[in-house]
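Read through the structure below, which is laid out as structure tokens, and then see the notes.
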Amino acid sequence: FGVAKAYNGLTNMRFDDTNPAKEDMEYVRSILDDVRWLVTGSTIPLEGQPTPWNGDIRHASDYFQIIYNCAEYLITNGLAYVENLTQEEMKLYRGTLTEPGRESPYRNRSIEENLSLFRAMKNGDFPDGHCVLRAKIDMSSGNINMRDPTLYRIKRASHPITGNQWCIYPMYDFAHAISDAVEEITHSLCTLEFKDHRPLYDWTIDNLIPSGFLTENTTKLGWRPSQYEFSRLNMQYTVLSKRKLIQLVTEKHVSGWDDPRMPTVCGLRRRGYPSEAIKLFCDRVGISKAENNIDISV
């Protein structure tokens with residue numbers, strides 16, 4: 001939000017809800033409250049005041065049909081296939097950081113067979129884990145993320161927004177790129193751990209530009225979104241790992257996410273810090289491409 005403001009831009013509020021088993025509306029409400037407080041100083045929407053984000057709140061699930069159409073387009077162009085190897089077998093075939101991967105025995109199925117199998121996945125003809133849809137890229141790539149990554153998997157779980165409409169769900173990397181293109185995002189900002197995922201982001205956009213499923217600007221003008229990475233904010237003597245913070249909450253070591261001892265936005269708010277102080281701290285730290293560990297005295 002601060003970067004967009006500095007360059008007279010807009011920030012979209014979009015939630016990744018591609019994994020229905022992990023979606024929790026409590027997290028959604030908390031994030032909206034935290035962002036609203038950081039930007040406006042209040043968690044309560046004020047009458048006549050615009051929301052901090054651009055337009056409506058968006059979700060990856062808003063584009064599930066478009067993402068599915070994109071997957072079928074890749075299949076019909078020989079760029080995706082249905083995989084029947086187990087997860088363990090896929091790991092063995094993927095190779096290592098020093099050894100190239102091996103092509104799956106199902107990699108060269110016909111377009112017609114792949115399309116039929118993918119539609120059967122969508123129709124619920126297979127159990128969870130029976131097969132996945134993979135991109136057909138390069139199993140010898142030095143970037144493991146480009147070794148035929150999974151695009152879709154079968155997961156029977158009720159989605160908080162779409163309910164039981166779908167039993168297959170796109171993977172985050174696939175949905176991320178398409179959602180950005182549909183919303184005409186110019187700068188998609190991510191933390192450094194997504195740097196190795198950027199080639200897949202670019203591959204997805206580049207191969208879908210001719211499809212007509214993205215925006216008119218993408219199809220006719222060749223415009224495309226771009227991903228940029230920056231370092232995470234790490235602070236000395238402070239636990240910021242989401243996994244470890246969840247453990248503190250679930251094991252009742254703290255009263256909740258807004259416990260004043262927690263290094264969360266709502267925890268800092270309850271401790272008495274004003275939003276302006278947090279924004280000043282972030283301004284002083286700045287944005288970096290290098291891993292950092294900020295001294296708490298800042």
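The chains in the structure tokens are called A, B, ... from first to last as shown; in each chain the residues are counted from 1, and the ligands are counted from 1 in the order shown.
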
*asked:* So that I can see what lies close to A:Ser141, please list as a ChimeraX atom specification the residues with an atom at most 12 Å from it, counting only C-alpha atoms and leaving out residues fewer than 6 positions away in the same chain.
replied: /A:94-103,147-149,196,199-200

Selected residues written out with N, CA and C atoms, as a PDB file, in the first residue's frame:
```pdb
ATOM      1  N   ARG A  94      11.463 -36.076 -10.280  1.00  0.00           N
ATOM      2  CA  ARG A  94      11.776 -34.656 -10.361  1.00  0.00           C
ATOM      3  C   ARG A  94      13.279 -34.397 -10.367  1.00  0.00           C
ATOM      4  N   GLY A  95      14.049 -35.300  -9.791  1.00  0.00           N
ATOM      5  CA  GLY A  95      15.489 -35.101  -9.722  1.00  0.00           C
ATOM      6  C   GLY A  95      15.879 -34.269  -8.513  1.00  0.00           C
ATOM      7  N   THR A  96      17.110 -33.768  -8.522  1.00  0.00           N
ATOM      8  CA  THR A  96      17.628 -32.992  -7.399  1.00  0.00           C
ATOM      9  C   THR A  96      18.217 -31.684  -7.927  1.00  0.00           C
ATOM     10  N   LEU A  97      18.817 -30.905  -7.021  1.00  0.00           N
ATOM     11  CA  LEU A  97      19.444 -29.650  -7.429  1.00  0.00           C
ATOM     12  C   LEU A  97      20.652 -29.882  -8.327  1.00  0.00           C
ATOM     13  N   THR A  98      21.241 -31.079  -8.250  1.00  0.00           N
ATOM     14  CA  THR A  98      22.432 -31.378  -9.050  1.00  0.00           C
ATOM     15  C   THR A  98      22.164 -32.392 -10.158  1.00  0.00           C
ATOM     16  N   GLU A  99      20.995 -33.021 -10.154  1.00  0.00           N
ATOM     17  CA  GLU A  99      20.665 -34.031 -11.164  1.00  0.00           C
ATOM     18  C   GLU A  99      19.362 -33.659 -11.861  1.00  0.00           C
ATOM     19  N   PRO A 100      19.316 -33.776 -13.189  1.00  0.00           N
ATOM     20  CA  PRO A 100      18.079 -33.451 -13.910  1.00  0.00           C
ATOM     21  C   PRO A 100      16.974 -34.456 -13.607  1.00  0.00           C
ATOM     22  N   GLY A 101      15.758 -34.057 -13.863  1.00  0.00           N
ATOM     23  CA  GLY A 101      14.637 -34.957 -13.649  1.00  0.00           C
ATOM     24  C   GLY A 101      14.438 -35.893 -14.840  1.00  0.00           C
ATOM     25  N   ARG A 102      13.503 -36.822 -14.684  1.00  0.00           N
ATOM     26  CA  ARG A 102      13.159 -37.756 -15.758  1.00  0.00           C
ATOM     27  C   ARG A 102      11.728 -37.507 -16.199  1.00  0.00           C
ATOM     28  N   GLU A 103      11.466 -37.697 -17.466  1.00  0.00           N
ATOM     29  CA  GLU A 103      10.120 -37.497 -17.977  1.00  0.00           C
ATOM     30  C   GLU A 103       9.190 -38.604 -17.496  1.00  0.00           C
ATOM     31  N   ARG A 147      10.297 -27.907 -13.640  1.00  0.00           N
ATOM     32  CA  ARG A 147      10.269 -29.312 -14.036  1.00  0.00           C
ATOM     33  C   ARG A 147       8.832 -29.845 -13.965  1.00  0.00           C
ATOM     34  N   ASP A 148       8.065 -29.443 -14.952  1.00  0.00           N
ATOM     35  CA  ASP A 148       6.666 -29.872 -15.088  1.00  0.00           C
ATOM     36  C   ASP A 148       5.889 -29.704 -13.781  1.00  0.00           C
ATOM     37  N   PRO A 149       5.729 -28.475 -13.301  1.00  0.00           N
ATOM     38  CA  PRO A 149       5.032 -28.245 -12.031  1.00  0.00           C
ATOM     39  C   PRO A 149       3.549 -28.600 -12.115  1.00  0.00           C
ATOM     40  N   ASP A 196      12.500 -17.829  -7.369  1.00  0.00           N
ATOM     41  CA  ASP A 196      12.653 -18.992  -8.238  1.00  0.00           C
ATOM     42  C   ASP A 196      11.337 -19.403  -8.888  1.00  0.00           C
ATOM     43  N   PRO A 199      10.094 -17.544 -13.101  1.00  0.00           N
ATOM     44  CA  PRO A 199      10.067 -18.121 -14.460  1.00  0.00           C
ATOM     45  C   PRO A 199       8.753 -18.838 -14.770  1.00  0.00           C
ATOM     46  N   LEU A 200       8.151 -19.493 -13.770  1.00  0.00           N
ATOM     47  CA  LEU A 200       6.864 -20.147 -13.989  1.00  0.00           C
ATOM     48  C   LEU A 200       5.760 -19.106 -14.175  1.00  0.00           C
TER      49      LEU A 200
END
```

Taking a cut-off of 10 Å and counting only C-alpha atoms, can you build a table that, for each residue of stretch 143-262 of chain A near stretch 276-293 of chain A, reports the nearest atom pair and how far apart they are in Å (one decimal), sorted by chain then residue number, as a Markdown table?
```
| residue | atom | partner | partner_atom | distance |
| --- | --- | --- | --- | --- |
| A:Thr191 | CA | A:Lys289 | CA | 9.0 |
| A:Leu192 | CA | A:Lys289 | CA | 7.4 |
| A:Tyr228 | CA | A:Lys289 | CA | 9.8 |
| A:Glu229 | CA | A:Lys289 | CA | 7.1 |
| A:Phe230 | CA | A:Lys289 | CA | 4.8 |
| A:Ser231 | CA | A:Lys289 | CA | 5.2 |
| A:Arg232 | CA | A:Glu291 | CA | 7.1 |
| A:Leu233 | CA | A:Asn292 | CA | 7.1 |
| A:Asn234 | CA | A:Asn293 | CA | 4.8 |
| A:Met235 | CA | A:Asn293 | CA | 5.1 |
| A:Gln236 | CA | A:Asn293 | CA | 5.9 |
| A:Tyr237 | CA | A:Asn293 | CA | 9.5 |
| A:Thr238 | CA | A:Asn293 | CA | 9.8 |
```

Quick one: write out the picked residues with all heavy atoms as an mmCIF file, in the first residue's frame?
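Generated file (out.cif):
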```cif
data_model
loop_
_atom_site.group_PDB
_atom_site.id
_atom_site.type_symbol
_atom_site.label_atom_id
_atom_site.label_comp_id
_atom_site.auth_asym_id
_atom_site.auth_seq_id
_atom_site.Cartn_x
_atom_site.Cartn_y
_atom_site.Cartn_z
ATOM 1 N N THR A 191 7.795 -11.754 -1.689
ATOM 2 C CA THR A 191 9.036 -11.863 -0.929
ATOM 3 C C THR A 191 10.027 -12.766 -1.675
ATOM 4 O O THR A 191 9.665 -13.468 -2.626
ATOM 5 C CB THR A 191 8.775 -12.399 0.483
ATOM 6 O OG1 THR A 191 7.856 -13.504 0.414
ATOM 7 C CG2 THR A 191 8.173 -11.322 1.370
ATOM 8 N N LEU A 192 11.285 -12.734 -1.255
ATOM 9 C CA LEU A 192 12.373 -13.343 -2.018
ATOM 10 C C LEU A 192 12.221 -14.839 -2.262
ATOM 11 O O LEU A 192 12.760 -15.353 -3.250
ATOM 12 C CB LEU A 192 13.708 -13.087 -1.298
ATOM 13 C CG LEU A 192 14.309 -11.685 -1.442
ATOM 14 C CD1 LEU A 192 15.569 -11.563 -0.613
ATOM 15 C CD2 LEU A 192 14.596 -11.362 -2.899
ATOM 16 N N TYR A 228 7.884 -8.853 -8.937
ATOM 17 C CA TYR A 228 9.097 -8.280 -8.347
ATOM 18 C C TYR A 228 9.213 -8.801 -6.914
ATOM 19 O O TYR A 228 8.213 -8.919 -6.211
ATOM 20 C CB TYR A 228 9.041 -6.751 -8.328
ATOM 21 C CG TYR A 228 8.875 -6.132 -9.695
ATOM 22 C CD1 TYR A 228 7.600 -5.925 -10.228
ATOM 23 C CD2 TYR A 228 9.984 -5.759 -10.447
ATOM 24 C CE1 TYR A 228 7.444 -5.367 -11.490
ATOM 25 C CE2 TYR A 228 9.836 -5.189 -11.711
ATOM 26 C CZ TYR A 228 8.558 -4.997 -12.226
ATOM 27 O OH TYR A 228 8.402 -4.446 -13.472
ATOM 28 N N GLU A 229 10.447 -9.100 -6.493
ATOM 29 C CA GLU A 229 10.648 -9.651 -5.161
ATOM 30 C C GLU A 229 11.409 -8.690 -4.253
ATOM 31 O O GLU A 229 12.222 -7.894 -4.722
ATOM 32 C CB GLU A 229 11.430 -10.982 -5.238
ATOM 33 C CG GLU A 229 10.811 -12.035 -6.134
ATOM 34 C CD GLU A 229 11.206 -11.873 -7.590
ATOM 35 O OE1 GLU A 229 12.228 -11.215 -7.856
ATOM 36 O OE2 GLU A 229 10.479 -12.394 -8.460
ATOM 37 N N PHE A 230 11.123 -8.782 -2.967
ATOM 38 C CA PHE A 230 11.849 -7.994 -1.964
ATOM 39 C C PHE A 230 12.055 -8.879 -0.735
ATOM 40 O O PHE A 230 11.403 -9.918 -0.579
ATOM 41 C CB PHE A 230 11.073 -6.724 -1.598
ATOM 42 C CG PHE A 230 9.701 -6.991 -1.025
ATOM 43 C CD1 PHE A 230 9.515 -7.114 0.339
ATOM 44 C CD2 PHE A 230 8.599 -7.116 -1.862
ATOM 45 C CE1 PHE A 230 8.259 -7.360 0.870
ATOM 46 C CE2 PHE A 230 7.340 -7.370 -1.343
ATOM 47 C CZ PHE A 230 7.170 -7.489 0.023
ATOM 48 N N SER A 231 12.963 -8.479 0.125
ATOM 49 C CA SER A 231 13.289 -9.310 1.290
ATOM 50 C C SER A 231 12.209 -9.209 2.367
ATOM 51 O O SER A 231 11.516 -8.197 2.478
ATOM 52 C CB SER A 231 14.641 -8.887 1.877
ATOM 53 O OG SER A 231 14.586 -7.539 2.305
ATOM 54 N N ARG A 232 12.090 -10.259 3.128
ATOM 55 C CA ARG A 232 11.172 -10.263 4.263
ATOM 56 C C ARG A 232 11.709 -9.349 5.362
ATOM 57 O O ARG A 232 12.903 -9.089 5.441
ATOM 58 C CB ARG A 232 11.030 -11.687 4.829
ATOM 59 C CG ARG A 232 10.352 -12.670 3.901
ATOM 60 C CD ARG A 232 10.526 -14.087 4.410
ATOM 61 N NE ARG A 232 9.975 -14.240 5.744
ATOM 62 C CZ ARG A 232 8.726 -14.640 5.997
ATOM 63 N NH1 ARG A 232 7.917 -14.921 4.999
ATOM 64 N NH2 ARG A 232 8.289 -14.767 7.228
ATOM 65 N N LEU A 233 10.815 -8.890 6.217
ATOM 66 C CA LEU A 233 11.219 -8.083 7.367
ATOM 67 C C LEU A 233 11.508 -9.025 8.533
ATOM 68 O O LEU A 233 10.595 -9.632 9.098
ATOM 69 C CB LEU A 233 10.110 -7.092 7.736
ATOM 70 C CG LEU A 233 10.335 -6.282 9.023
ATOM 71 C CD1 LEU A 233 11.612 -5.459 8.911
ATOM 72 C CD2 LEU A 233 9.141 -5.376 9.298
ATOM 73 N N ASN A 234 12.780 -9.187 8.857
ATOM 74 C CA ASN A 234 13.191 -9.994 10.001
ATOM 75 C C ASN A 234 13.744 -9.073 11.077
ATOM 76 O O ASN A 234 14.464 -8.112 10.779
ATOM 77 C CB ASN A 234 14.267 -11.007 9.589
ATOM 78 C CG ASN A 234 13.742 -12.001 8.573
ATOM 79 O OD1 ASN A 234 12.714 -12.625 8.766
ATOM 80 N ND2 ASN A 234 14.459 -12.146 7.459
ATOM 81 N N MET A 235 13.414 -9.355 12.328
ATOM 82 C CA MET A 235 13.902 -8.533 13.439
ATOM 83 C C MET A 235 14.630 -9.397 14.458
ATOM 84 O O MET A 235 14.237 -10.546 14.713
ATOM 85 C CB MET A 235 12.740 -7.808 14.116
ATOM 86 C CG MET A 235 12.080 -6.759 13.238
ATOM 87 S SD MET A 235 10.856 -5.776 14.127
ATOM 88 C CE MET A 235 9.607 -6.999 14.472
ATOM 89 N N GLN A 236 15.671 -8.854 15.020
ATOM 90 C CA GLN A 236 16.441 -9.585 16.024
ATOM 91 C C GLN A 236 15.572 -9.924 17.239
ATOM 92 O O GLN A 236 14.708 -9.139 17.633
ATOM 93 C CB GLN A 236 17.648 -8.753 16.472
ATOM 94 C CG GLN A 236 18.700 -8.573 15.394
ATOM 95 C CD GLN A 236 19.876 -7.756 15.886
ATOM 96 O OE1 GLN A 236 19.904 -7.265 17.009
ATOM 97 N NE2 GLN A 236 20.894 -7.615 15.034
ATOM 98 N N TYR A 237 15.803 -11.091 17.785
ATOM 99 C CA TYR A 237 15.140 -11.556 19.009
ATOM 100 C C TYR A 237 13.607 -11.650 18.856
ATOM 101 O O TYR A 237 12.873 -11.592 19.846
ATOM 102 C CB TYR A 237 15.467 -10.632 20.200
ATOM 103 C CG TYR A 237 16.909 -10.230 20.288
ATOM 104 C CD1 TYR A 237 17.304 -8.907 20.095
ATOM 105 C CD2 TYR A 237 17.904 -11.181 20.550
ATOM 106 C CE1 TYR A 237 18.636 -8.536 20.162
ATOM 107 C CE2 TYR A 237 19.231 -10.814 20.623
ATOM 108 C CZ TYR A 237 19.600 -9.499 20.439
ATOM 109 O OH TYR A 237 20.926 -9.143 20.499
ATOM 110 N N THR A 238 13.127 -11.757 17.627
ATOM 111 C CA THR A 238 11.685 -11.774 17.405
ATOM 112 C C THR A 238 11.292 -12.964 16.530
ATOM 113 O O THR A 238 11.845 -13.137 15.439
ATOM 114 C CB THR A 238 11.212 -10.472 16.714
ATOM 115 O OG1 THR A 238 11.672 -9.349 17.476
ATOM 116 C CG2 THR A 238 9.696 -10.422 16.609
#
```

*If you run DSSP on this backbone, which residues of stretch 151-220 of chain A come out as helix (DSSP H, G or I), and could you give them as a VMD selection string?*
chain A and resid 172 to 182 192 to 211 216 to 220

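In this structure, atom CA of A:Arg269 sits 24.8 Å away from atom CA of A:Cys190.
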
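Note that the spacing between atom CA of A:Gly55 and atom CA of A:Thr40 amounts to 16.3 Å.
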
If we count only C-alpha atoms and set the cut-off at 12 Å, which residues sit around A:Gln165, ignoring sequence neighbours fewer than 6 positions away in its own chain? Please answer as an mmCIF file with all heavy atoms, in the first residue's frame.
```cif
data_model
loop_
_atom_site.group_PDB
_atom_site.id
_atom_site.type_symbol
_atom_site.label_atom_id
_atom_site.label_comp_id
_atom_site.auth_asym_id
_atom_site.auth_seq_id
_atom_site.Cartn_x
_atom_site.Cartn_y
_atom_site.Cartn_z
ATOM 1 N N PRO A 20 -9.140 -24.972 -0.334
ATOM 2 C CA PRO A 20 -10.332 -24.821 0.509
ATOM 3 C C PRO A 20 -10.176 -25.404 1.908
ATOM 4 O O PRO A 20 -10.836 -24.955 2.843
ATOM 5 C CB PRO A 20 -11.409 -25.581 -0.281
ATOM 6 C CG PRO A 20 -10.647 -26.557 -1.124
ATOM 7 C CD PRO A 20 -9.378 -25.847 -1.485
ATOM 8 N N SER A 61 -10.751 -17.301 -6.172
ATOM 9 C CA SER A 61 -11.922 -18.091 -6.561
ATOM 10 C C SER A 61 -12.855 -17.322 -7.494
ATOM 11 O O SER A 61 -13.669 -17.934 -8.191
ATOM 12 C CB SER A 61 -12.693 -18.549 -5.322
ATOM 13 O OG SER A 61 -13.070 -17.454 -4.514
ATOM 14 N N PHE A 64 -12.008 -18.781 -10.891
ATOM 15 C CA PHE A 64 -11.850 -20.232 -11.060
ATOM 16 C C PHE A 64 -12.241 -20.706 -12.462
ATOM 17 O O PHE A 64 -11.586 -21.574 -13.037
ATOM 18 C CB PHE A 64 -12.661 -20.984 -10.006
ATOM 19 C CG PHE A 64 -11.941 -21.161 -8.689
ATOM 20 C CD1 PHE A 64 -12.588 -21.740 -7.601
ATOM 21 C CD2 PHE A 64 -10.635 -20.760 -8.528
ATOM 22 C CE1 PHE A 64 -11.934 -21.908 -6.379
ATOM 23 C CE2 PHE A 64 -9.965 -20.922 -7.315
ATOM 24 C CZ PHE A 64 -10.622 -21.506 -6.243
ATOM 25 N N GLN A 65 -13.320 -20.164 -13.018
ATOM 26 C CA GLN A 65 -13.730 -20.608 -14.358
ATOM 27 C C GLN A 65 -12.711 -20.182 -15.401
ATOM 28 O O GLN A 65 -12.364 -20.957 -16.310
ATOM 29 C CB GLN A 65 -15.111 -20.044 -14.707
ATOM 30 C CG GLN A 65 -15.672 -20.568 -16.032
ATOM 31 C CD GLN A 65 -15.843 -22.079 -16.028
ATOM 32 O OE1 GLN A 65 -16.520 -22.650 -15.165
ATOM 33 N NE2 GLN A 65 -15.231 -22.753 -17.003
ATOM 34 N N LYS A 122 -12.513 -32.833 -13.314
ATOM 35 C CA LYS A 122 -13.451 -31.762 -12.971
ATOM 36 C C LYS A 122 -14.822 -32.320 -12.593
ATOM 37 O O LYS A 122 -15.494 -31.798 -11.691
ATOM 38 C CB LYS A 122 -13.588 -30.804 -14.150
ATOM 39 C CG LYS A 122 -14.642 -29.707 -13.975
ATOM 40 C CD LYS A 122 -14.695 -28.819 -15.207
ATOM 41 C CE LYS A 122 -15.787 -27.759 -15.061
ATOM 42 N NZ LYS A 122 -17.137 -28.365 -15.182
ATOM 43 N N ASN A 123 -15.228 -33.392 -13.259
ATOM 44 C CA ASN A 123 -16.558 -33.966 -13.034
ATOM 45 C C ASN A 123 -16.613 -34.880 -11.810
ATOM 46 O O ASN A 123 -17.672 -35.432 -11.497
ATOM 47 C CB ASN A 123 -17.018 -34.732 -14.274
ATOM 48 C CG ASN A 123 -17.253 -33.811 -15.463
ATOM 49 O OD1 ASN A 123 -17.564 -32.641 -15.287
ATOM 50 N ND2 ASN A 123 -17.097 -34.342 -16.668
ATOM 51 N N GLY A 124 -15.474 -35.055 -11.129
ATOM 52 C CA GLY A 124 -15.459 -35.867 -9.917
ATOM 53 C C GLY A 124 -15.396 -37.357 -10.160
ATOM 54 O O GLY A 124 -15.812 -38.147 -9.308
ATOM 55 N N LYS A 155 -9.300 -32.137 -4.933
ATOM 56 C CA LYS A 155 -9.452 -31.944 -3.488
ATOM 57 C C LYS A 155 -10.935 -31.741 -3.186
ATOM 58 O O LYS A 155 -11.502 -30.689 -3.494
ATOM 59 C CB LYS A 155 -8.627 -30.758 -2.994
ATOM 60 C CG LYS A 155 -8.677 -30.568 -1.480
ATOM 61 C CD LYS A 155 -7.824 -29.392 -1.054
ATOM 62 C CE LYS A 155 -6.358 -29.733 -0.958
ATOM 63 N NZ LYS A 155 -6.043 -30.656 0.144
ATOM 64 N N ARG A 156 -11.534 -32.743 -2.610
ATOM 65 C CA ARG A 156 -12.951 -32.633 -2.250
ATOM 66 C C ARG A 156 -13.077 -31.978 -0.878
ATOM 67 O O ARG A 156 -12.868 -32.606 0.151
ATOM 68 C CB ARG A 156 -13.608 -34.016 -2.246
ATOM 69 C CG ARG A 156 -13.898 -34.543 -3.647
ATOM 70 C CD ARG A 156 -14.462 -35.961 -3.609
ATOM 71 N NE ARG A 156 -14.875 -36.400 -4.928
ATOM 72 C CZ ARG A 156 -14.032 -36.814 -5.872
ATOM 73 N NH1 ARG A 156 -12.718 -36.830 -5.621
ATOM 74 N NH2 ARG A 156 -14.485 -37.198 -7.049
ATOM 75 N N ALA A 157 -13.373 -30.703 -0.905
ATOM 76 C CA ALA A 157 -13.562 -29.941 0.327
ATOM 77 C C ALA A 157 -14.460 -28.764 -0.002
ATOM 78 O O ALA A 157 -14.343 -28.164 -1.069
ATOM 79 C CB ALA A 157 -12.214 -29.455 0.872
ATOM 80 N N SER A 158 -15.343 -28.447 0.908
ATOM 81 C CA SER A 158 -16.260 -27.330 0.685
ATOM 82 C C SER A 158 -15.499 -26.016 0.780
ATOM 83 O O SER A 158 -14.766 -25.769 1.739
ATOM 84 C CB SER A 158 -17.390 -27.362 1.716
ATOM 85 O OG SER A 158 -18.295 -26.301 1.495
ATOM 86 N N HIS A 159 -15.670 -25.202 -0.222
ATOM 87 C CA HIS A 159 -14.989 -23.909 -0.299
ATOM 88 C C HIS A 159 -15.872 -22.839 0.335
ATOM 89 O O HIS A 159 -17.084 -22.827 0.116
ATOM 90 C CB HIS A 159 -14.704 -23.572 -1.759
ATOM 91 C CG HIS A 159 -13.782 -22.429 -1.961
ATOM 92 N ND1 HIS A 159 -14.180 -21.110 -1.832
ATOM 93 C CD2 HIS A 159 -12.450 -22.386 -2.279
ATOM 94 C CE1 HIS A 159 -13.152 -20.324 -2.069
ATOM 95 N NE2 HIS A 159 -12.098 -21.056 -2.338
#
```

Mind running stretch 193-240 of chain A against stretch 71-90 of chain A at 8 Å and telling me each contacting residue's nearest atom pair with the distance in Å (one decimal), counting only C-alpha atoms, chain and number ascending, as CSV?
```
residue,atom,partner,partner_atom,distance
A:Asn207,CA,A:Leu74,CA,7.7
A:Leu208,CA,A:Leu74,CA,7.6
A:Ser211,CA,A:Tyr73,CA,6.9
```

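Atom CA of A:Asp173 is positioned 26.9 Å from atom CA of A:Val239.
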
For A:Lys5, find every residue with an atom within 12 Å (counting only C-alpha atoms), except residues of its own chain fewer than 5 positions away, and show them as an mmCIF file with all heavy atoms, in the first residue's frame.
```cif
data_model
loop_
_atom_site.group_PDB
_atom_site.id
_atom_site.type_symbol
_atom_site.label_atom_id
_atom_site.label_comp_id
_atom_site.auth_asym_id
_atom_site.auth_seq_id
_atom_site.Cartn_x
_atom_site.Cartn_y
_atom_site.Cartn_z
ATOM 1 N N LEU A 10 -2.482 2.153 -7.357
ATOM 2 C CA LEU A 10 -3.580 1.523 -6.618
ATOM 3 C C LEU A 10 -3.149 0.140 -6.166
ATOM 4 O O LEU A 10 -2.335 -0.520 -6.817
ATOM 5 C CB LEU A 10 -4.824 1.409 -7.500
ATOM 6 C CG LEU A 10 -5.416 2.722 -8.047
ATOM 7 C CD1 LEU A 10 -6.481 2.411 -9.098
ATOM 8 C CD2 LEU A 10 -5.996 3.554 -6.916
ATOM 9 N N THR A 11 -3.694 -0.309 -5.044
ATOM 10 C CA THR A 11 -3.403 -1.642 -4.523
ATOM 11 C C THR A 11 -4.694 -2.452 -4.482
ATOM 12 O O THR A 11 -5.686 -2.019 -3.899
ATOM 13 C CB THR A 11 -2.811 -1.577 -3.101
ATOM 14 O OG1 THR A 11 -1.640 -0.772 -3.120
ATOM 15 C CG2 THR A 11 -2.449 -2.974 -2.616
ATOM 16 N N VAL A 39 -3.564 1.706 7.392
ATOM 17 C CA VAL A 39 -3.694 2.785 6.416
ATOM 18 C C VAL A 39 -4.464 3.976 6.969
ATOM 19 O O VAL A 39 -4.085 5.132 6.766
ATOM 20 C CB VAL A 39 -4.370 2.261 5.132
ATOM 21 C CG1 VAL A 39 -4.600 3.399 4.137
ATOM 22 C CG2 VAL A 39 -3.523 1.166 4.487
ATOM 23 N N PRO A 52 -9.117 1.377 1.886
ATOM 24 C CA PRO A 52 -7.693 1.539 1.553
ATOM 25 C C PRO A 52 -7.309 0.854 0.245
ATOM 26 O O PRO A 52 -6.299 1.189 -0.356
ATOM 27 C CB PRO A 52 -6.980 0.885 2.747
ATOM 28 C CG PRO A 52 -7.990 0.852 3.847
ATOM 29 C CD PRO A 52 -9.317 0.687 3.171
ATOM 30 N N TRP A 53 -8.086 -0.143 -0.181
ATOM 31 C CA TRP A 53 -7.749 -0.907 -1.376
ATOM 32 C C TRP A 53 -8.606 -0.445 -2.556
ATOM 33 O O TRP A 53 -9.610 0.221 -2.402
ATOM 34 C CB TRP A 53 -7.936 -2.403 -1.134
ATOM 35 C CG TRP A 53 -9.206 -2.743 -0.423
ATOM 36 C CD1 TRP A 53 -10.452 -2.926 -0.962
ATOM 37 C CD2 TRP A 53 -9.361 -2.918 0.987
ATOM 38 N NE1 TRP A 53 -11.369 -3.205 0.007
ATOM 39 C CE2 TRP A 53 -10.730 -3.207 1.222
ATOM 40 C CE3 TRP A 53 -8.483 -2.864 2.079
ATOM 41 C CZ2 TRP A 53 -11.237 -3.441 2.503
ATOM 42 C CZ3 TRP A 53 -8.996 -3.084 3.345
ATOM 43 C CH2 TRP A 53 -10.352 -3.378 3.557
ATOM 44 N N ASN A 54 -8.182 -0.852 -3.724
ATOM 45 C CA ASN A 54 -8.841 -0.451 -4.963
ATOM 46 C C ASN A 54 -10.074 -1.320 -5.240
ATOM 47 O O ASN A 54 -9.953 -2.530 -5.440
ATOM 48 C CB ASN A 54 -7.846 -0.568 -6.126
ATOM 49 C CG ASN A 54 -8.489 -0.321 -7.469
ATOM 50 O OD1 ASN A 54 -9.308 0.581 -7.617
ATOM 51 N ND2 ASN A 54 -8.125 -1.129 -8.458
#
```

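Comparing A:Ile154, A:Ala60, A:Cys131, A:Leu248 by their smallest distance to A:Tyr106, the closest is A:Cys131 (using only C-alpha atoms).
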
*With only C-alpha atoms as the basis for distance, which of A:Ser275, A:Ala21, A:Asn12, A:Val249 is at the shortest distance from A:Glu184?*
A:Asn12

*So, counting only C-alpha atoms, which residue among A:Asp17, A:Asp34, A:Glu26, A:Asp128 is closest to A:Leu268?*
A:Asp34

*Write out as number ranges by chain which residues come within 7 Å of A:Tyr201 when counting only C-alpha atoms, dropping same-chain ones fewer than 3 positions away.*
A: 173, 177, 197-198, 204-205

Suppose we keep C-alpha atoms; can you now write the selection as a PDB file, in the first residue's frame?
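Below is the file again.pdb, written as the result:
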```
ATOM      1  CA  ASP A 173       1.565 -20.270  -8.759  1.00  0.00           C
ATOM      2  CA  ALA A 177      -0.217 -15.325 -12.591  1.00  0.00           C
ATOM      3  CA  HIS A 197       8.931 -19.116  -9.036  1.00  0.00           C
ATOM      4  CA  ARG A 198       9.105 -16.083 -11.338  1.00  0.00           C
ATOM      5  CA  THR A 204       2.182 -18.991 -17.634  1.00  0.00           C
ATOM      6  CA  ILE A 205       1.532 -15.447 -18.858  1.00  0.00           C
TER       7      ILE A 205
END
```

_Excluding A:Arg58 and its own-chain neighbours fewer than 3 positions away, which residues fall within 8 Å of it when counting only C-alpha atoms? Please give them as an MDAnalysis selection string._
chainID A and resid 12:15 62

*Contacts of A:Met262 at 12 Å (only C-alpha atoms; same-chain gap of 2+ positions) as a ChimeraX atom specification*: /A:238-242,244-249,253-260,264-271
